[in-house]
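Below is coords_35.cif, holding mmCIF, C-alpha atoms.
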```cif
data_protein
#
loop_
_atom_site.label_atom_id
_atom_site.label_comp_id
_atom_site.auth_asym_id
_atom_site.auth_seq_id
_atom_site.Cartn_x
_atom_site.Cartn_y
_atom_site.Cartn_z
CA MET A 1 57.18 -70.30 56.28
CA ALA A 2 56.47 -71.18 59.93
CA GLU A 3 56.15 -74.82 58.91
CA GLU A 4 59.53 -74.74 57.16
CA LEU A 5 61.15 -73.40 60.31
CA ASP A 6 59.46 -76.13 62.32
CA ILE A 7 60.90 -78.85 60.17
CA ARG A 8 64.35 -77.44 60.53
CA SER A 9 64.00 -76.97 64.26
CA VAL A 10 62.69 -80.54 64.67
CA TRP A 11 65.65 -81.70 62.66
CA ASN A 12 68.10 -79.75 64.81
CA ARG A 13 66.51 -80.89 68.05
CA SER A 14 66.67 -84.50 66.94
CA LYS A 15 70.31 -84.05 65.96
CA ALA A 16 71.08 -82.86 69.47
CA LYS A 17 69.67 -86.13 70.76
CA GLU A 18 72.06 -88.30 68.76
CA ASP A 19 74.33 -90.21 71.06
CA PRO A 20 77.48 -91.29 69.25
CA SER A 21 79.10 -92.67 72.40
CA SER A 22 78.68 -96.24 71.12
CA LEU A 23 80.90 -95.40 68.15
CA ARG A 24 84.52 -94.68 68.96
CA ILE A 25 86.66 -93.28 66.17
CA ASP A 26 89.79 -95.24 67.18
CA LYS A 27 87.81 -98.47 66.89
CA LEU A 28 86.15 -97.48 63.62
CA GLU A 29 89.45 -96.73 61.91
CA ARG A 30 90.72 -100.21 62.58
CA LYS A 31 87.67 -101.84 61.01
CA GLY A 32 87.79 -102.79 57.35
CA THR A 33 85.65 -101.28 54.63
CA LYS A 34 82.71 -103.23 53.23
CA THR A 35 81.94 -101.17 50.14
CA ILE A 36 81.13 -102.77 46.81
CA LEU A 37 84.32 -101.26 45.36
CA TYR A 38 86.32 -102.97 48.11
CA TRP A 39 84.77 -106.32 47.22
CA ILE A 40 85.47 -105.79 43.52
CA LYS A 41 89.10 -105.05 44.43
CA MET A 42 89.29 -108.20 46.55
CA ILE A 43 87.86 -110.32 43.72
CA LEU A 44 90.34 -108.76 41.28
CA TRP A 45 93.22 -109.61 43.64
CA ILE A 46 91.97 -113.20 43.90
CA GLU A 47 91.74 -113.47 40.11
CA PHE A 48 95.20 -111.94 39.80
CA GLY A 49 96.60 -114.48 42.29
CA LEU A 50 94.85 -117.40 40.58
CA THR A 51 96.27 -116.34 37.19
CA ILE A 52 99.80 -116.24 38.64
CA ILE A 53 99.35 -119.62 40.34
CA SER A 54 97.89 -121.25 37.22
CA MET A 55 100.57 -119.87 34.91
CA PRO A 56 103.30 -122.50 35.65
CA PHE A 57 100.71 -125.31 35.32
CA LEU A 58 99.59 -123.94 31.96
CA LEU A 59 103.20 -123.71 30.80
CA VAL A 60 103.91 -127.30 31.84
CA TYR A 61 100.71 -128.40 30.07
CA VAL A 62 101.44 -126.64 26.75
CA THR A 63 105.08 -127.78 26.84
CA ALA A 64 104.00 -131.39 27.48
CA ARG A 65 101.45 -131.07 24.67
CA GLY A 66 104.32 -130.17 22.36
CA ASP A 67 103.30 -126.66 21.42
CA SER A 68 105.89 -124.65 19.51
CA THR A 69 108.13 -122.10 21.26
CA ALA A 70 106.34 -119.33 19.35
CA TRP A 71 102.97 -120.41 20.81
CA ILE A 72 104.41 -120.74 24.33
CA THR A 73 105.92 -117.22 24.03
CA PHE A 74 102.53 -115.99 22.84
CA TYR A 75 100.79 -117.52 25.89
CA ILE A 76 103.34 -115.86 28.22
CA ILE A 77 102.91 -112.44 26.58
CA VAL A 78 99.10 -112.68 26.70
CA THR A 79 99.21 -113.69 30.40
CA PHE A 80 101.59 -110.82 31.16
CA ILE A 81 99.27 -108.31 29.44
CA TYR A 82 96.35 -109.82 31.36
CA LEU A 83 98.20 -109.36 34.67
CA CYS A 84 99.06 -105.73 33.82
CA TYR A 85 95.40 -105.14 32.97
CA TYR A 86 94.37 -106.50 36.38
CA GLN A 87 96.88 -104.26 38.12
CA PHE A 88 95.44 -101.29 36.21
CA LEU A 89 91.90 -102.17 37.34
CA ILE A 90 93.02 -102.56 40.97
CA TYR A 91 94.87 -99.23 40.81
CA GLN A 92 91.76 -97.48 39.44
CA ILE A 93 89.70 -98.64 42.43
CA ARG A 94 92.46 -97.93 44.96
CA LYS A 95 92.79 -94.31 43.86
CA PHE A 96 89.03 -93.70 44.08
CA SER A 97 88.08 -91.13 46.71
CA TYR A 98 84.67 -90.16 48.02
CA ASP A 99 85.48 -86.48 48.44
CA GLY A 100 84.28 -85.34 45.02
CA ASN A 101 80.85 -83.81 44.56
CA VAL A 102 77.89 -86.18 44.80
CA LEU A 103 77.00 -86.24 41.10
CA GLN A 104 80.62 -86.78 40.08
CA SER A 105 81.10 -89.60 42.63
CA LEU A 106 77.87 -91.34 41.70
CA LYS A 107 78.88 -91.23 38.04
CA LYS A 108 82.29 -92.67 38.91
CA VAL A 109 80.92 -95.52 41.04
CA TYR A 110 78.34 -96.20 38.33
CA GLY A 111 81.09 -96.18 35.71
CA TYR A 112 83.20 -98.65 37.71
CA LEU A 113 80.32 -101.04 38.30
CA TRP A 114 79.23 -100.84 34.68
CA PHE A 115 82.80 -101.49 33.51
CA TYR A 116 83.40 -104.46 35.86
CA HIS A 117 80.02 -105.85 34.94
CA LEU A 118 81.10 -105.71 31.29
CA HIS A 119 84.60 -106.98 32.18
CA TYR A 120 83.17 -110.16 33.73
CA LYS A 121 80.92 -110.75 30.75
CA VAL A 122 83.84 -110.38 28.30
CA VAL A 123 86.17 -112.52 30.48
CA PHE A 124 83.46 -115.16 30.81
CA TRP A 125 82.71 -115.48 27.10
CA LEU A 126 86.39 -115.26 26.13
CA SER A 127 87.22 -118.01 28.64
CA MET A 128 84.42 -120.11 27.24
CA ILE A 129 85.56 -119.66 23.64
CA CYS A 130 89.24 -120.22 24.51
CA GLY A 131 88.31 -123.25 26.62
CA ILE A 132 86.36 -124.82 23.76
CA ALA A 133 89.13 -124.01 21.26
CA PHE A 134 91.67 -125.54 23.65
CA ALA A 135 89.54 -128.61 24.16
CA PHE A 136 89.10 -129.14 20.41
CA GLN A 137 92.85 -128.70 19.86
CA ASP A 138 93.66 -131.37 22.43
CA PRO A 139 94.88 -134.59 20.73
CA ALA A 140 92.52 -136.75 22.83
CA SER A 141 89.53 -134.66 21.79
CA ALA A 142 90.70 -134.59 18.18
CA GLU A 143 90.79 -138.39 18.25
CA GLU A 144 87.23 -138.54 19.58
CA LEU A 145 86.01 -136.00 17.03
CA ALA A 146 87.62 -137.98 14.22
CA LYS A 147 85.25 -140.84 15.08
CA ILE A 148 82.22 -138.71 14.17
CA GLU A 149 81.18 -139.67 10.70
CA THR A 150 77.65 -138.51 9.90
CA THR A 151 76.24 -134.97 9.74
CA LYS A 152 73.58 -136.03 12.24
CA GLN A 153 76.25 -136.93 14.79
CA TRP A 154 77.97 -133.59 14.22
CA ALA A 155 74.70 -131.76 14.66
CA LEU A 156 74.12 -133.59 17.96
CA VAL A 157 77.61 -132.70 19.27
CA ILE A 158 77.15 -129.05 18.31
CA ALA A 159 73.65 -128.95 19.84
CA VAL A 160 74.89 -130.42 23.15
CA TRP A 161 77.72 -127.86 23.31
CA ALA A 162 75.40 -124.99 22.41
CA VAL A 163 72.81 -125.93 25.06
CA MET A 164 75.57 -126.34 27.67
CA LEU A 165 76.99 -122.93 26.79
CA LEU A 166 73.57 -121.27 26.89
CA VAL A 167 72.69 -122.75 30.29
CA ILE A 168 76.06 -121.82 31.82
CA GLY A 169 75.82 -118.36 30.20
CA ALA A 170 72.30 -117.80 31.54
CA VAL A 171 73.30 -118.83 35.09
CA PHE A 172 76.36 -116.56 34.92
CA HIS A 173 74.40 -113.56 33.60
CA THR A 174 71.71 -114.02 36.26
CA LEU A 175 74.33 -114.13 39.01
CA LEU A 176 76.03 -111.07 37.61
CA HIS A 177 72.72 -109.23 37.49
CA LEU A 178 71.98 -110.14 41.10
CA ILE A 179 75.39 -108.90 42.24
CA TYR A 180 75.80 -105.77 40.10
CA GLY A 181 72.72 -105.26 37.93
CA ARG A 182 70.34 -103.84 40.54
CA LYS A 183 73.04 -101.61 42.01
CA ILE A 184 73.88 -100.27 38.54
CA THR A 185 70.20 -99.51 37.84
CA ARG A 186 69.84 -97.67 41.16
CA LEU A 187 72.96 -95.59 40.57
CA ARG A 188 71.88 -94.75 37.02
CA GLN A 189 68.48 -93.63 38.34
CA MET A 190 70.11 -91.42 41.02
CA VAL A 191 72.34 -89.76 38.42
CA LYS A 192 69.32 -89.22 36.18
CA ASP A 193 67.30 -87.72 39.06
CA LEU A 194 70.07 -85.34 40.07
CA GLU A 195 70.72 -84.26 36.49
CA SER A 196 67.05 -83.66 35.72
CA GLY A 197 66.45 -79.95 35.27
CA GLU A 198 70.12 -79.18 34.51
CA MET B 1 95.14 -81.81 58.30
CA SER B 2 96.74 -83.29 61.39
CA GLU B 3 95.56 -86.62 62.83
CA ASP B 4 94.51 -85.05 66.15
CA PHE B 5 92.58 -82.30 64.42
CA PHE B 6 90.87 -84.85 62.18
CA LYS B 7 89.81 -86.98 65.15
CA SER B 8 88.46 -84.09 67.18
CA TYR B 9 86.68 -82.62 64.13
CA VAL B 10 85.03 -85.91 63.18
CA GLU B 11 84.11 -86.64 66.81
CA GLU B 12 82.55 -83.21 67.06
CA ASN B 13 80.57 -83.85 63.86
CA MET B 14 79.60 -87.42 64.70
CA PRO B 15 75.99 -86.51 65.65
CA LEU B 16 75.61 -84.88 62.22
CA ILE B 17 77.13 -87.88 60.41
CA MET B 18 74.89 -90.27 62.36
CA HIS B 19 71.89 -88.12 61.62
CA ILE B 20 72.47 -88.14 57.87
CA CYS B 21 73.30 -91.86 57.83
CA ARG B 22 70.08 -92.57 59.74
CA ALA B 23 68.11 -91.28 56.74
CA TYR B 24 69.73 -94.02 54.62
CA SER B 25 69.62 -96.86 57.14
CA ARG B 26 67.15 -99.66 57.47
CA ASP B 27 67.98 -100.55 61.05
CA GLU B 28 70.43 -99.89 63.85
CA GLU B 29 72.94 -102.37 62.41
CA SER B 30 72.97 -100.78 58.95
CA LEU B 31 73.26 -97.36 60.62
CA LYS B 32 76.41 -98.47 62.43
CA ASP B 33 77.81 -99.94 59.19
CA LEU B 34 77.17 -96.71 57.29
CA VAL B 35 78.67 -94.50 60.02
CA GLN B 36 81.69 -96.80 60.12
CA GLU B 37 82.10 -96.60 56.38
CA VAL B 38 81.77 -92.80 56.36
CA THR B 39 84.36 -92.44 59.13
CA LEU B 40 86.71 -94.78 57.32
CA GLN B 41 86.36 -92.90 54.05
CA LEU B 42 86.84 -89.56 55.85
CA TRP B 43 89.98 -90.99 57.40
CA ARG B 44 91.25 -92.21 54.02
CA SER B 45 90.66 -88.92 52.26
CA HIS B 46 91.65 -86.49 55.03
CA LYS B 47 95.30 -86.46 53.97
CA SER B 48 94.38 -85.39 50.47
CA PHE B 49 92.10 -82.61 51.74
CA LYS B 50 93.73 -79.48 50.38
CA GLY B 51 91.35 -76.90 51.76
CA ASN B 52 89.83 -76.04 48.36
CA SER B 53 86.43 -76.24 49.98
CA GLN B 54 85.15 -75.72 53.49
CA LEU B 55 85.79 -78.57 55.91
CA SER B 56 82.05 -78.97 56.45
CA THR B 57 81.49 -79.25 52.66
CA TRP B 58 84.05 -82.06 52.59
CA VAL B 59 82.31 -83.91 55.46
CA TYR B 60 78.91 -83.59 53.76
CA ARG B 61 80.31 -84.74 50.43
CA VAL B 62 81.97 -87.86 51.83
CA THR B 63 78.97 -88.69 54.03
CA LEU B 64 76.41 -88.34 51.24
CA ASN B 65 78.61 -90.11 48.70
CA VAL B 66 79.03 -93.12 50.96
CA CYS B 67 75.33 -93.14 51.89
CA LEU B 68 74.14 -92.90 48.29
CA SER B 69 76.64 -95.37 46.87
CA HIS B 70 76.39 -98.00 49.53
CA SER B 71 73.05 -97.89 51.26
CA LYS B 72 70.90 -100.90 50.52
CA LYS B 73 67.48 -100.59 48.98
CA MET B 74 64.88 -100.10 51.71
CA LYS B 75 61.87 -102.32 52.21
CA ARG B 76 58.60 -100.91 50.93
CA LYS B 77 57.39 -100.33 54.46
CA VAL B 78 59.24 -97.29 55.78
CA GLU B 79 60.98 -98.02 59.03
CA THR B 80 62.62 -95.43 61.21
CA VAL B 81 65.74 -96.19 63.17
CA PRO B 82 64.86 -94.93 66.63
CA LEU B 83 67.12 -92.41 68.25
CA GLU B 84 68.71 -93.51 71.47
CA TRP B 85 67.10 -90.91 73.64
CA LYS B 86 69.02 -89.07 76.26
CA ARG B 87 66.26 -89.18 78.85
CA ASP B 88 65.58 -85.76 80.28
CA SER B 89 61.94 -84.80 80.26
CA ALA B 90 59.78 -87.91 79.96
CA ILE B 91 56.45 -86.16 79.32
CA GLU B 92 57.62 -84.04 76.40
CA GLU B 93 59.55 -86.92 74.93
CA ASP B 94 56.64 -88.81 73.42
CA ALA B 95 55.32 -85.88 71.41
CA GLU B 96 58.82 -84.92 70.32
CA LYS B 97 59.64 -88.49 69.37
CA GLU B 98 56.48 -88.74 67.31
CA LEU B 99 57.35 -85.56 65.47
CA ILE B 100 60.88 -86.73 64.75
CA ASP B 101 59.64 -90.15 63.63
CA LYS B 102 57.20 -88.43 61.27
CA LEU B 103 59.97 -86.28 59.84
CA TYR B 104 62.25 -89.28 59.31
CA ALA B 105 59.44 -91.36 57.83
CA GLY B 106 58.74 -88.52 55.40
CA ILE B 107 62.41 -88.18 54.47
CA LYS B 108 62.74 -91.92 53.93
CA ARG B 109 59.82 -91.97 51.55
CA LEU B 110 61.67 -89.62 49.21
CA LYS B 111 63.95 -90.85 46.44
CA GLU B 112 67.54 -91.38 47.59
CA SER B 113 68.92 -88.44 45.61
CA ASP B 114 66.05 -86.21 46.77
CA ARG B 115 66.81 -87.21 50.34
CA ALA B 116 70.32 -85.76 49.96
CA ILE B 117 68.87 -82.42 48.84
CA VAL B 118 66.35 -82.32 51.70
CA LEU B 119 69.01 -83.21 54.27
CA LEU B 120 71.19 -80.33 53.10
CA TYR B 121 68.19 -78.02 53.17
CA LEU B 122 67.42 -79.09 56.74
CA GLU B 123 71.05 -78.47 57.61
CA ASP B 124 70.45 -74.88 56.51
CA LYS B 125 73.03 -74.97 53.73
CA SER B 126 73.01 -72.14 51.23
CA TYR B 127 72.06 -72.95 47.61
CA LYS B 128 75.67 -72.27 46.62
CA GLU B 129 77.06 -74.72 49.16
CA MET B 130 74.43 -77.30 48.21
CA SER B 131 75.45 -76.86 44.60
CA GLU B 132 79.12 -77.47 45.53
CA ILE B 133 78.26 -80.57 47.51
CA LEU B 134 75.85 -82.04 44.97
CA GLY B 135 77.56 -80.98 41.75
CA ILE B 136 74.46 -79.44 40.18
CA THR B 137 73.75 -75.82 39.32
CA VAL B 138 72.47 -73.31 41.90
CA THR B 139 69.32 -72.77 39.81
CA ASN B 140 68.61 -76.49 39.76
CA VAL B 141 69.18 -76.68 43.52
CA GLY B 142 66.58 -73.92 43.98
CA VAL B 143 64.02 -75.66 41.80
CA LYS B 144 64.53 -79.00 43.51
CA VAL B 145 64.47 -77.56 47.04
CA ASN B 146 61.17 -75.77 46.39
CA ARG B 147 59.59 -78.90 44.98
CA LEU B 148 60.91 -81.14 47.74
CA LYS B 149 59.93 -78.84 50.60
CA ASP B 150 56.29 -79.12 49.50
CA LYS B 151 56.56 -82.84 48.95
CA LEU B 152 58.10 -83.39 52.40
CA LYS B 153 55.38 -81.32 54.05
CA GLU B 154 52.75 -83.42 52.26
CA LEU B 155 54.41 -86.63 53.39
CA ILE B 156 54.70 -85.47 56.99
CA ASN B 157 51.14 -84.26 57.19
CA GLY B 158 50.00 -87.57 55.65
#
```
Mind turning the file's structure into structure tokens?
Amino acid sequence: MAEELDIRSVWNRSKAKEDPSSLRIDKLERKGTKTILYWIKMILWIEFGLTIISMPFLLVYVTARGDSTAWITFYIIVTFIYLCYYQFLIYQIRKFSYDGNVLQSLKKVYGYLWFYHLHYKVVFWLSMICGIAFAFQDPASAEELAKIETTKQWALVIAVWAVMLLVIGAVFHTLLHLIYGRKITRLRQMVKDLESGE
Amino acid sequence: MSEDFFKSYVEENMPLIMHICRAYSRDEESLKDLVQEVTLQLWRSHKSFKGNSQLSTWVYRVTLNVCLSHSKKMKRKVETVPLEWKRDSAIEEDAEKELIDKLYAGIKRLKESDRAIVLLYLEDKSYKEMSEILGITVTNVGVKVNRLKDKLKELING
């Protein structure tokens, strides 16, 4: 019991020695946040901006390619839904507050990171698939593909594309793991540790 | 909560915030970053504070949430961020400093979530208040505190 009291008294004595004079609240308030959620929000805003900027170029491209009005309307609707989805994600992060209990907050931050991790994977593979489909639809590509005659040549083309996709996918997944993966694992472990014994 | 009250309250509690953040910091720079982040998040959430819990509970919640969510993984070798000593009695300082360093080294060797429990215990919080801050049951708080007290003692005594 005496030892317990000692630890607490050491703790309290050391607290009394803290000198916060180097940190002024007025200055701190003006500084920006550096949390992972802030960076996710920034990245989402950049993606949102890039989608808006690229939209007119895409429209000019599909119009010049001679796509039907129905297809062009479809592209516009899909882009609009995509933009709304981004706004929803940004709103979710903006409304996040750290004043909930620790377990609840850890679960929320974990949930966000897990979701954005998944979001980037889905966006990446969808972009890849759409990009390939777009490329194959292009008249210039169609002309090149028409020149392929033998099964062997087809197999080679498919193999090259598959290897390219796998390499790009592996690099992307590794990067994603380095940015979010370890953080997600740590948060999951903390939640598990706190919940143990409940 | 008025802006003036917020500022004076946070300023008053700054040693406490710094002290908790120190347990999650690798060096002086990361300590400053964490304290900054905590203050910023306190500032952002102070307007929505409705008084459903004690003001101190709110400060502990925000501080621990920021520390747990955003502290970086520590190196294997436990480092303590030295306190900037207010020099009063030079002879007693060394022994006191050693004791404090030992306590911090022990705390830092605990798991991050366990550290939060120990910090609240050291702050003399009741099991009920710890349960409100952590979001786990009072019984579980009791079990964990008892286990961690022994573990911390072991770590401190080497």
Once you count all atoms listed in the file, what closest atom pair and distance in Å to one decimal does each residue of chain A within 6 Å of chain B have, with rows by chain and rising residue number, as CSV?
```
residue,atom,partner,partner_atom,distance
A:Arg8,CA,B:Leu122,CA,5.1
A:Glu18,CA,B:Pro15,CA,5.3
A:Leu28,CA,B:Gln36,CA,5.7
A:Glu29,CA,B:Leu40,CA,5.7
A:Tyr98,CA,B:Val62,CA,5.2
A:Asp99,CA,B:Val62,CA,5.1
A:Asn101,CA,B:Ile133,CA,5.1
A:Val102,CA,B:Leu134,CA,4.6
A:Leu103,CA,B:Gly135,CA,5.3
A:Met190,CA,B:Ser113,CA,5.6
```
So how far away is CA of Ile40 in chain A from CA of Leu59 in chain A, in Å? 28.2 Å
Need to verify the contact set: Leu110 in chain B, 10 Å, all atoms listed in the file, exclusion of same-chain residues closer than 4 positions in sequence. Can you return it as a count of residues only? 10
To verify the selection step, state as a list of chain:residue names which residues the PyMOL selection byres ((chain A and resi 139-145) around 12) yields on this input. A:Val62, A:Ala64, A:Arg65, A:Gly66, A:Asp67, A:Ile132, A:Ala133, A:Phe134, A:Ala135, A:Phe136, A:Gln137, A:Asp138, A:Ala146, A:Lys147, A:Ile148, A:Glu149, A:Thr150, A:Gln153, A:Trp154, A:Val157, A:Ile158
Env of range 179-184 of chain A: 10 Å cut, atoms = all atoms listed in the file, seq-sep filter 3 positions within chain, self excluded. Answer as a list in words.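 Result of the neighbour search: Ile36, Val109, Tyr110, Gly111, Tyr112, Leu113, Trp114, Tyr116, His117, His173, Thr174, Leu175, Leu176, Leu187, Arg188, Gln189 and Met190 of chain A; Ser69, His70, Ser71, Lys72 and Lys73 of chain B.
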Those same residues, written as a short mmCIF file (atom, residue, chain, number, x, y, z; two decimals), in the frame of the given file with C-alpha atoms?
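What ended up in selection.cif:
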```
data_model
loop_
_atom_site.label_atom_id
_atom_site.label_comp_id
_atom_site.auth_asym_id
_atom_site.auth_seq_id
_atom_site.Cartn_x
_atom_site.Cartn_y
_atom_site.Cartn_z
CA ILE A 36 81.13 -102.77 46.81
CA VAL A 109 80.92 -95.52 41.04
CA TYR A 110 78.34 -96.20 38.33
CA GLY A 111 81.09 -96.18 35.71
CA TYR A 112 83.20 -98.65 37.71
CA LEU A 113 80.32 -101.04 38.30
CA TRP A 114 79.23 -100.84 34.68
CA TYR A 116 83.40 -104.46 35.86
CA HIS A 117 80.02 -105.85 34.94
CA HIS A 173 74.40 -113.56 33.60
CA THR A 174 71.71 -114.02 36.26
CA LEU A 175 74.33 -114.13 39.01
CA LEU A 176 76.03 -111.07 37.61
CA LEU A 187 72.96 -95.59 40.57
CA ARG A 188 71.88 -94.75 37.02
CA GLN A 189 68.48 -93.63 38.34
CA MET A 190 70.11 -91.42 41.02
CA SER B 69 76.64 -95.37 46.87
CA HIS B 70 76.39 -98.00 49.53
CA SER B 71 73.05 -97.89 51.26
CA LYS B 72 70.90 -100.90 50.52
CA LYS B 73 67.48 -100.59 48.98
#
```
Separation of CA of Leu31 in chain B from CA of Lys15 in chain A, in Å and rounded to one decimal: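 So the answer is 14.6 Å.
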